[in-house]
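Below: the structure, in structure tokens.
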Amino acid sequence: MPTAPVITRFAPSPTGYLHVGGARTALFNWLLARHEGAPAQFLLRIEDTDLARSTQQACDQLLEDLRWLGLQWDNTDSLVFQSKRQHIYNAIIDDLVARGLAYEAWESAEELAALRQAAEKAKRSFVYRRPTYSPEEINTYKAQGRRPVVRFAMPVKEYRFFDVLAAKDIVQPAEECQDFVIRKADGMPTYHFAVVVDDAHMNVTHVLRGQEHTKNTFLHIALQEALGYARPTYAHLSTIQNPDGSKMGKRDRDKKIREAVHNWVKNTKKTLDDLAAGSGIDAARLTKWVGDSKTQLDPTEHDAIMPVVGLKSSDLPEILIHDFRKNGYIPEALLNFLALLGWSPGENREIMSVEEMIKLFSVERINNANAKFDRAKLLAFNTQTAETLPPVRLVGVMRQYLAVNPDSPLNAATEEQLAELIAMKKGFRTLREVDEASRFFFVADDAIAYDPKAVEKVLRKDNGAGLTALRDLAPLLTGAAEWKHDALEATVKAYAEAKGLGLGAVAQPLRVALSGGTVSPPIFNSLEFLGRERTLVRIGRCLATITA
RNA sequence: GCCCCCAUCGUCUAGUGGCCUAGGACAUUCGGUUCUCAGCCGAAGAACAGGGGUUCGACUCCCCUUGGGGGUACCA
């Protein structure tokens with residue numbers, strides 16, 4: 001019998017944006033499918049059964065983040081939305097009920113909570129088993145307007161499955177079995193039910209998911225047995241943690257901003273109403289968010305609040321894939337780094353192309369210890385990965401960066417200019433660094449703001465030695481035969497030598513005149529890029545503006 | 001509380017009983033290169049959580065302790 005092709009899937013719920021943990025899960029599933037090659041497939045499914053928390057916007061952003069990462073799914077034409085499959089789940093649930101394998105249960109959330117509390121008090125663990133309801137009770141519940149849930153009558157026995165990552169059987173004893181909900185009172189299936197049905201319908205063969213699902217697997221295999229489905233291969237991934245050991249989650253952003261809001265209110269004696277006015281966010285929504293640490297705002301709302309309370313985007317912990325894109329990380333570097341959080345190909349391999357990762361990947365080489373997310377190493381990966389990518393790809397990534405940084409003047413740059421800027425900032429850590437170091441090229445010549453410290457240190461010091469150099473240089477540059485890097489370097493160096501100055505004593509004044517500050521791409525590249533005319537205008541303006 | 005998973009330098013990891021006086025990368029410190037910032041080059045310090053076994057021999061296998069993470073929902 002030929003073995004079925006490997007089919008993996010990523011099944012996020014669109015309740016927030018893609019974060020690093022989800023991205024790593026997606027990556028491993030994608031790598032597994034790509035490693036196998038066609039006809040193996042990587043499928044995407046949107047688990048939007050939680051009507052209250054799922055949003056279209058989150059879903060769109062999720063897809064965009066996945067595309068940015070380059071984790072293309074194979075069911076582009078037939079993306080699965082669980083919310084659209086209710087009729088399928090219902091038919092199966094009704095059949096289960098008809099066969100006596102599932103039943104309606106009537107307890108309210110409050111009653112269940114009380115039951116759990118009582119069990120806890122009695123130091124027992126709460127286990128839900130099928131109760132018996134008299135017809136009168138049921139009539140009463142209906143009269144009260146209660147809506148029943150459907151619970152699966154989980155056969156009481158020992159369950160076990162082989163976890164590929166743990167490389168052993170994970171076992172649940174019979175006494176821990178309980179009848180879990182498969183259809184909620186609102187008529188939607190629970191995660192447990194939908195995931196089992198959909199994985200079977202999509203012929204998923206390998207389930208790589210977060211460790212939080214390990215114990216859920218017992219519920220899933222019980223359902224598979226009742227439904228006659230094949231059991232996929234399971235592997236549960238460890239958690240990605242913050243440097244302090246806490247779980248790295250999307251709430252970390254809200255936490256940071258919430259703190260800043262508290263401080264802002266305290267220090268400026270302003271109110272949440274002021275914040276609402278300043279950010280354009282509904283005051284009631286803000287109040288709820290500030291008071292409830294479990295709630296989250298959208299990134300657009302974060303962006304609206306941050307300037308009001310004096311936070312910059314670089315102050316926020318990068319948690320969401322979107323953050324990394326916005327801050328100038330390269331997808332290939334992020335992927336490489338994420339893959340190495342738990343997986344290692346051995347032989348001291350670290351920096352790999354996506355193709356190499358695909359070739360070397362194997363689930364067996366993933367370890368199942370938690371990993372802390374080390375941004376410093378990611379930064380180093382970003383630099384090293386950039387060195388390996390072709391210029392045209394870097395320009396493409398730069399464009400994607402600029403698309404989410406509309407304020408950057410570099411959005412006006414041509415492809416050729418972007419390529420040049422990237423090349424002259426070779427060795428950059430992030431694309432944001434390229435951006436920020438290059439902005440002065442794209443602002444008007446008369447809009448250069450001179451950094452007072454730079455002016456003092458570079459231009460005025462030693463009786464205006466820097467200004468003198470600029471004054472001397474202007475005619476030399478005006479007369480320079482060729483406005484190219486090498487020729488400019490020769491001209492400037494000749495001047496420096498003639499005056500017995502180090503290159504720095506000449507380059508720094510030029511740098512301040514052109515950019516307003518002491519940091520820029522290499523000076524001769526900068527001169528060439530700016531062009532003769534604008535360079536001379538800027539030197540002239542600097543000399544006219546700054547006096548010794 | 002109960003259940004599950006995990007445990008090598010600060011961090012990510014290599015290591016599947018002798019190749020280990022434990023290797024690599026990032027970070028750190030020191031030195032070099034340079035027109036600034038980066039980068040690059042060189043060097044150094046830095047780990048097998050603790051305790052019992054098993055074995056001629058344990059980082060590697062078993063048990064306990066400790067520590068960390070996850071779960072314990074009509075959320076996924």
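Labeling convention for the structure tokens: chains A, B, ... as they appear, residues from 1 per chain, ligands from 1 in order of appearance.
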
With a distance cut-off of 8 Å and only C-alpha atoms (C1' of nucleotides), select the neighbouring residues of range 459-473 of chain A, excluding the residue or stretch itself and same-chain residues fewer than 6 positions from it, and output the selection as a ChimeraX atom specification. /A:492,495,505-506,508-510,539,543,547-548

What would the file look like if the residues just selected were written as a compact mmCIF listing (two decimals), in the first residue's frame with C-alpha atoms?
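Writing the result to selection19.txt gives the following:
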# COMPACT_ATOMS: atom_id res chain seq x y z
CA VAL A 492 39.19 65.31 -0.30
CA TYR A 495 43.15 68.43 0.70
CA ALA A 505 38.80 66.12 10.55
CA VAL A 506 37.48 66.73 7.05
CA GLN A 508 33.01 64.86 9.85
CA PRO A 509 32.41 68.52 8.98
CA LEU A 510 31.18 67.39 5.57
CA ILE A 539 27.68 73.22 2.39
CA LEU A 543 28.40 77.95 6.33
CA THR A 547 28.87 80.89 12.78
CA ALA A 548 32.04 80.35 14.72

Each residue of chain B lying at most 7 Å from chain A should get a row with its shortest atom-to-atom pair and the distance in Å to one decimal, counting only C-alpha atoms (C1' of nucleotides); could you produce that, ordered by chain and increasing number, as JSON lines?
{"residue": "B:G1", "atom": "C1'", "partner": "A:Lys123", "partner_atom": "CA", "distance": 6.5}
{"residue": "B:C2", "atom": "C1'", "partner": "A:Ser125", "partner_atom": "CA", "distance": 6.4}
{"residue": "B:C4", "atom": "C1'", "partner": "A:Lys215", "partner_atom": "CA", "distance": 7.0}
{"residue": "B:C6", "atom": "C1'", "partner": "A:Ala369", "partner_atom": "CA", "distance": 5.1}
{"residue": "B:U11", "atom": "C1'", "partner": "A:Asp374", "partner_atom": "CA", "distance": 6.2}
{"residue": "B:C12", "atom": "C1'", "partner": "A:Leu341", "partner_atom": "CA", "distance": 6.5}
{"residue": "B:A14", "atom": "C1'", "partner": "A:Gly346", "partner_atom": "CA", "distance": 6.1}
{"residue": "B:G24", "atom": "C1'", "partner": "A:Asn348", "partner_atom": "CA", "distance": 5.2}
{"residue": "B:C26", "atom": "C1'", "partner": "A:Lys377", "partner_atom": "CA", "distance": 4.6}
{"residue": "B:C35", "atom": "C1'", "partner": "A:Gly504", "partner_atom": "CA", "distance": 4.7}
{"residue": "B:U36", "atom": "C1'", "partner": "A:Val519", "partner_atom": "CA", "distance": 4.8}
{"residue": "B:C37", "atom": "C1'", "partner": "A:Val519", "partner_atom": "CA", "distance": 5.4}
{"residue": "B:A38", "atom": "C1'", "partner": "A:Phe428", "partner_atom": "CA", "distance": 6.0}
{"residue": "B:G39", "atom": "C1'", "partner": "A:Gly427", "partner_atom": "CA", "distance": 4.7}
{"residue": "B:G69", "atom": "C1'", "partner": "A:Asn370", "partner_atom": "CA", "distance": 6.9}
{"residue": "B:G70", "atom": "C1'", "partner": "A:Glu212", "partner_atom": "CA", "distance": 5.6}
{"residue": "B:G71", "atom": "C1'", "partner": "A:Glu212", "partner_atom": "CA", "distance": 6.4}
{"residue": "B:C74", "atom": "C1'", "partner": "A:Lys184", "partner_atom": "CA", "distance": 4.5}
{"residue": "B:A76", "atom": "C1'", "partner": "A:Tyr191", "partner_atom": "CA", "distance": 6.2}

Contacts of Ala276 in chain A at 10 Å (only C-alpha atoms (C1' of nucleotides); same-chain gap of 2+ positions) as a PyMOL selection string: chain A and resi 271-274+278-287+304-305+308

Option closest in space to A44 in chain B, from B:U28, B:U13, B:A58, B:C64 [counting only C-alpha atoms (C1' of nucleotides)]: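 Going through B:U28, B:U13, B:A58, B:C64 one by one, the smallest distance to A44 in chain B is for B:U28.
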
Hey, what's within 12 Å of G50 in chain B if we count only C-alpha atoms (C1' of nucleotides) and toss same-chain stuff fewer than 4 positions away? As a count of residues only, please? 4

Based on the backbone DSSP call, show me all residues of range 60-127 of chain A assigned alpha helix (DSSP H), as number ranges by chain. A: 60-69, 86-98, 109-121

Put those residues in a file: C-alpha atoms, as an mmCIF file, in the first residue's frame.
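Here's the written file part01.cif:
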data_model
loop_
_atom_site.group_PDB
_atom_site.id
_atom_site.type_symbol
_atom_site.label_atom_id
_atom_site.label_comp_id
_atom_site.auth_asym_id
_atom_site.auth_seq_id
_atom_site.Cartn_x
_atom_site.Cartn_y
_atom_site.Cartn_z
ATOM 1 C CA ASP A 60 -6.422 39.634 6.730
ATOM 2 C CA GLN A 61 -3.357 40.640 8.696
ATOM 3 C CA LEU A 62 -2.622 37.016 9.495
ATOM 4 C CA LEU A 63 -2.538 36.117 5.823
ATOM 5 C CA GLU A 64 -0.372 39.104 5.043
ATOM 6 C CA ASP A 65 2.113 38.208 7.748
ATOM 7 C CA LEU A 66 2.313 34.642 6.496
ATOM 8 C CA ARG A 67 2.908 35.886 2.965
ATOM 9 C CA TRP A 68 5.573 38.298 4.149
ATOM 10 C CA LEU A 69 7.338 35.423 5.864
ATOM 11 C CA GLN A 86 -21.272 24.777 10.706
ATOM 12 C CA HIS A 87 -23.700 22.591 8.741
ATOM 13 C CA ILE A 88 -21.035 19.918 8.402
ATOM 14 C CA TYR A 89 -20.260 19.857 12.106
ATOM 15 C CA ASN A 90 -23.931 19.849 12.990
ATOM 16 C CA ALA A 91 -24.707 16.860 10.814
ATOM 17 C CA ILE A 92 -21.946 14.871 12.461
ATOM 18 C CA ILE A 93 -22.904 15.980 15.960
ATOM 19 C CA ASP A 94 -26.553 15.114 15.375
ATOM 20 C CA ASP A 95 -25.487 11.688 14.208
ATOM 21 C CA LEU A 96 -23.340 11.237 17.301
ATOM 22 C CA VAL A 97 -26.321 12.178 19.461
ATOM 23 C CA ALA A 98 -28.563 9.767 17.550
ATOM 24 C CA ALA A 109 -21.736 28.309 33.245
ATOM 25 C CA GLU A 110 -22.397 29.418 36.823
ATOM 26 C CA GLU A 111 -23.560 25.987 37.898
ATOM 27 C CA LEU A 112 -20.493 24.379 36.390
ATOM 28 C CA ALA A 113 -18.250 26.892 38.101
ATOM 29 C CA ALA A 114 -19.924 26.102 41.432
ATOM 30 C CA LEU A 115 -19.431 22.381 40.846
ATOM 31 C CA ARG A 116 -15.756 22.922 40.093
ATOM 32 C CA GLN A 117 -15.329 25.065 43.149
ATOM 33 C CA ALA A 118 -16.965 22.456 45.348
ATOM 34 C CA ALA A 119 -14.661 19.785 43.941
ATOM 35 C CA GLU A 120 -11.666 21.980 44.590
ATOM 36 C CA LYS A 121 -12.748 22.576 48.176
#

Just the number, please: distance in Å from CA of Ile358 in chain A to CA of Ala23 in chain A, one decimal. 15.9 Å
